[in-house]
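Engineer: Got a structure here, written out as structure tokens. Questions coming.
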Amino acid sequence: MDYEELRRLMVETQLVPRGIRDPRVLEAMLKVPRHLFVDEPMQHRAYDDMALPIGNGQTISQPYMVAVMTELLELKGNERVLEVGTGSGYQAAVLAVLAAEVYSIERVEALAVKAREHLRSLGYDNVHVITGDGTEGLPEKAPFDRIIITAGTPQVPEPLKEQLGENGILVAPVGARFSQQLIRLRKTADGITEEYHTPCVFVPLVGKYGWKE
Ligand code: SAH
């Protein structure tokens, strides 16, 4: 398999035609080896236009969804980012290319361990994977310039709003259990503004300020 060629096709057929424009995001999507974040039998499908199973009932998000959420974060390179829902670690790797420091929280220990190994072996040294309930955020490392939630939630957890720094941006899929919409919050000195974006379907964010088990 020519994975570099598959990545180029993914960018040209799935991302550019649907409006992904940020050249840094497109470049990161061309660069990060998505197939190395899924199990071997699934690798040949890693660049398909869909989410894929990663074990423990969880999924790696569709490439387009990763690109949209990343673009909405408006990363310039010097940000400290919090991700809630490490999953495979793929989104974290994309963030690692585009920001300074990434803290990523995963609830399922087995996934956290695997993601940490993949990220380390690929040299993404600016990602820190933490096991725990990401709905509570990571107060000891707050404030964050950017926060991304990669699991569906009924509302944006209050601790995450609090841990977002001034001029910060938070992106999350908010809505019902089986259908959500991407929301972007911006925190300014005057308060928090909200915008609604693409409809989407994510696995549930389970935790104190998310869905109950
Ligand atoms: N960003 C991932 C996709 C994540 S799927 C990737 O690139 O592969 C959503 C993940 O969120 C799942 O792994 C799930 O276990 C995790 N999750 C759900 N609730 C969580 C919580 N409260 N805190 C941290 N992780 C959570």
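Letters A, B, ... mark the chains of the structure tokens in the order given; residue numbers begin at 1 per chain; ligand numbers begin at 1, in order shown.
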Please find the residues contacting ligand 1 at a distance of at most 9 Å between atoms, with only C-alpha atoms and all ligand atoms counted, and report them as JSON, numbers by chain.
Structural biologist: {"A": [37, 38, 51, 52, 54, 55, 56, 57, 58, 59, 60, 61, 62, 66, 83, 84, 85, 86, 87, 88, 89, 90, 91, 92, 93, 94, 104, 105, 106, 107, 108, 109, 111, 112, 115, 130, 131, 132, 133, 134, 135, 136, 137, 148, 149, 150, 151, 152, 153, 202, 203, 204, 205, 206, 207, 208, 209, 210, 211]}
Engineer: Could you pull out all residues of range 30-139 of chain A with a DSSP call of alpha helix (DSSP H) and give them as a PyMOL selection string?
Structural biologist: chain A and resi 30-31+63-72+90-98+109-121
Engineer: Deliver the residues from the most recent selection as a file, using C-alpha atoms, as a compact mmCIF listing (two decimals), in the first residue's frame.
Structural biologist:
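Final output, out_7.txt:
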```txt
# COMPACT_ATOMS: atom_id res chain seq x y z
CA LEU A 30 -0.95 14.94 4.59
CA LYS A 31 1.76 14.21 7.08
CA PRO A 63 -10.72 12.29 8.54
CA TYR A 64 -13.05 15.13 7.49
CA MET A 65 -14.32 15.56 11.06
CA VAL A 66 -10.74 15.71 12.38
CA ALA A 67 -9.92 18.36 9.77
CA VAL A 68 -13.03 20.49 10.44
CA MET A 69 -12.55 20.49 14.20
CA THR A 70 -8.86 21.25 13.84
CA GLU A 71 -9.55 24.11 11.43
CA LEU A 72 -12.14 25.58 13.82
CA TYR A 90 -4.67 10.38 15.87
CA GLN A 91 -6.36 13.72 16.53
CA ALA A 92 -3.76 14.38 19.22
CA ALA A 93 -1.00 13.79 16.65
CA VAL A 94 -2.59 16.28 14.24
CA LEU A 95 -2.80 18.81 17.07
CA ALA A 96 0.81 18.08 18.03
CA VAL A 97 1.95 19.13 14.55
CA LEU A 98 0.01 22.41 14.73
CA GLU A 109 -7.04 2.98 30.33
CA ALA A 110 -6.30 0.41 27.58
CA LEU A 111 -6.83 3.04 24.86
CA ALA A 112 -4.72 5.59 26.71
CA VAL A 113 -1.83 3.11 26.99
CA LYS A 114 -1.97 2.23 23.30
CA ALA A 115 -2.28 5.84 22.14
CA ARG A 116 0.64 6.86 24.34
CA GLU A 117 2.81 4.13 22.80
CA HIS A 118 1.87 5.06 19.23
CA LEU A 119 2.50 8.75 19.84
CA ARG A 120 5.84 8.07 21.48
CA SER A 121 7.06 5.69 18.79
```
Engineer: Which is closer to Arg80 in chain A than all the others in A:Asp22, A:Glu162, A:Glu195, A:Asp145, using only C-alpha atoms?
Structural biologist: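 Closest to Arg80 in chain A of all the choices is A:Asp145.
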Engineer: Taking 4 positions as the minimum chain separation for residues in the same chain, which residues sit within 7 Å of range 177-185 of chain A when counting only C-alpha atoms? Answer as a list in words.
Structural biologist: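 Here the answer would be Gly152, Ile169, Leu170, Val171, Ala172, Pro173, Ile192, Thr193, Glu194, Glu195, Tyr196, His197, Thr198, Pro199, Cys200, Val201 and Pro204 of chain A.
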Engineer: Can you list every residue in range 60-104 of chain A that DSSP puts in strand (DSSP E or B), as a PyMOL selection string?
Structural biologist: chain A and resi 60+80-84+101-104
Engineer: Leaving out Glu5 in chain A and any residue of its chain fewer than 5 positions from it, which residues lie within 12 Å of it when counting only C-alpha atoms, given as a list of chain:residue names?
Structural biologist: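 Listing them by chain and then by number gives A:Met10, A:Val11, A:Glu12, A:Leu30, A:Lys31, A:Pro33, A:Tyr47.
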Engineer: Take the residues from that selection and put them in a file with all heavy atoms, as a tab-separated table (two decimals), in the first residue's frame.
Structural biologist:
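File result.tsv, as written:
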```tsv
chain	number	residue	atom	x	y	z
A	10	MET	N	-6.92	11.37	0.10
A	10	MET	CA	-7.85	11.73	1.18
A	10	MET	C	-8.00	13.26	1.24
A	10	MET	O	-9.11	13.78	1.30
A	10	MET	CB	-7.30	11.20	2.51
A	10	MET	CG	-8.04	11.67	3.75
A	10	MET	SD	-7.17	11.17	5.26
A	10	MET	CE	-5.94	12.48	5.42
A	11	VAL	N	-6.88	13.95	1.19
A	11	VAL	CA	-6.92	15.42	1.25
A	11	VAL	C	-7.63	15.99	0.03
A	11	VAL	O	-8.50	16.85	0.14
A	11	VAL	CB	-5.50	16.00	1.41
A	11	VAL	CG1	-5.47	17.50	1.19
A	11	VAL	CG2	-4.95	15.66	2.79
A	12	GLU	N	-7.31	15.46	-1.15
A	12	GLU	CA	-7.86	16.03	-2.39
A	12	GLU	C	-9.32	15.70	-2.61
A	12	GLU	O	-10.04	16.48	-3.23
A	12	GLU	CB	-7.04	15.55	-3.59
A	12	GLU	CG	-5.77	16.36	-3.72
A	12	GLU	CD	-4.94	15.91	-4.92
A	12	GLU	OE1	-5.45	15.14	-5.75
A	12	GLU	OE2	-3.77	16.32	-4.98
A	30	LEU	N	-1.80	15.63	5.57
A	30	LEU	CA	-0.95	14.94	4.59
A	30	LEU	C	0.18	14.18	5.27
A	30	LEU	O	0.69	13.19	4.76
A	30	LEU	CB	-0.32	15.95	3.63
A	30	LEU	CG	-1.11	16.40	2.43
A	30	LEU	CD1	-0.31	17.45	1.65
A	30	LEU	CD2	-1.46	15.24	1.52
A	31	LYS	N	0.56	14.69	6.42
A	31	LYS	CA	1.76	14.21	7.08
A	31	LYS	C	1.52	13.09	8.10
A	31	LYS	O	2.31	12.14	8.18
A	31	LYS	CB	2.40	15.42	7.79
A	31	LYS	CG	3.83	15.23	8.18
A	31	LYS	CD	4.59	16.56	8.20
A	31	LYS	CE	4.45	17.26	9.52
A	31	LYS	NZ	5.14	18.55	9.60
A	33	PRO	N	0.60	9.81	9.82
A	33	PRO	CA	0.29	8.47	9.32
A	33	PRO	C	-0.90	7.83	10.04
A	33	PRO	O	-0.74	7.04	10.96
A	33	PRO	CB	1.58	7.69	9.57
A	33	PRO	CG	2.21	8.38	10.74
A	33	PRO	CD	1.80	9.82	10.68
A	47	TYR	N	-7.67	5.45	5.38
A	47	TYR	CA	-7.85	6.73	4.67
A	47	TYR	C	-9.21	6.83	4.00
A	47	TYR	O	-9.47	7.73	3.22
A	47	TYR	CB	-6.68	6.96	3.71
A	47	TYR	CG	-5.38	7.03	4.48
A	47	TYR	CD1	-4.55	5.92	4.62
A	47	TYR	CD2	-5.02	8.20	5.15
A	47	TYR	CE1	-3.39	5.97	5.38
A	47	TYR	CE2	-3.87	8.26	5.91
A	47	TYR	CZ	-3.05	7.15	6.03
A	47	TYR	OH	-1.92	7.21	6.80
```
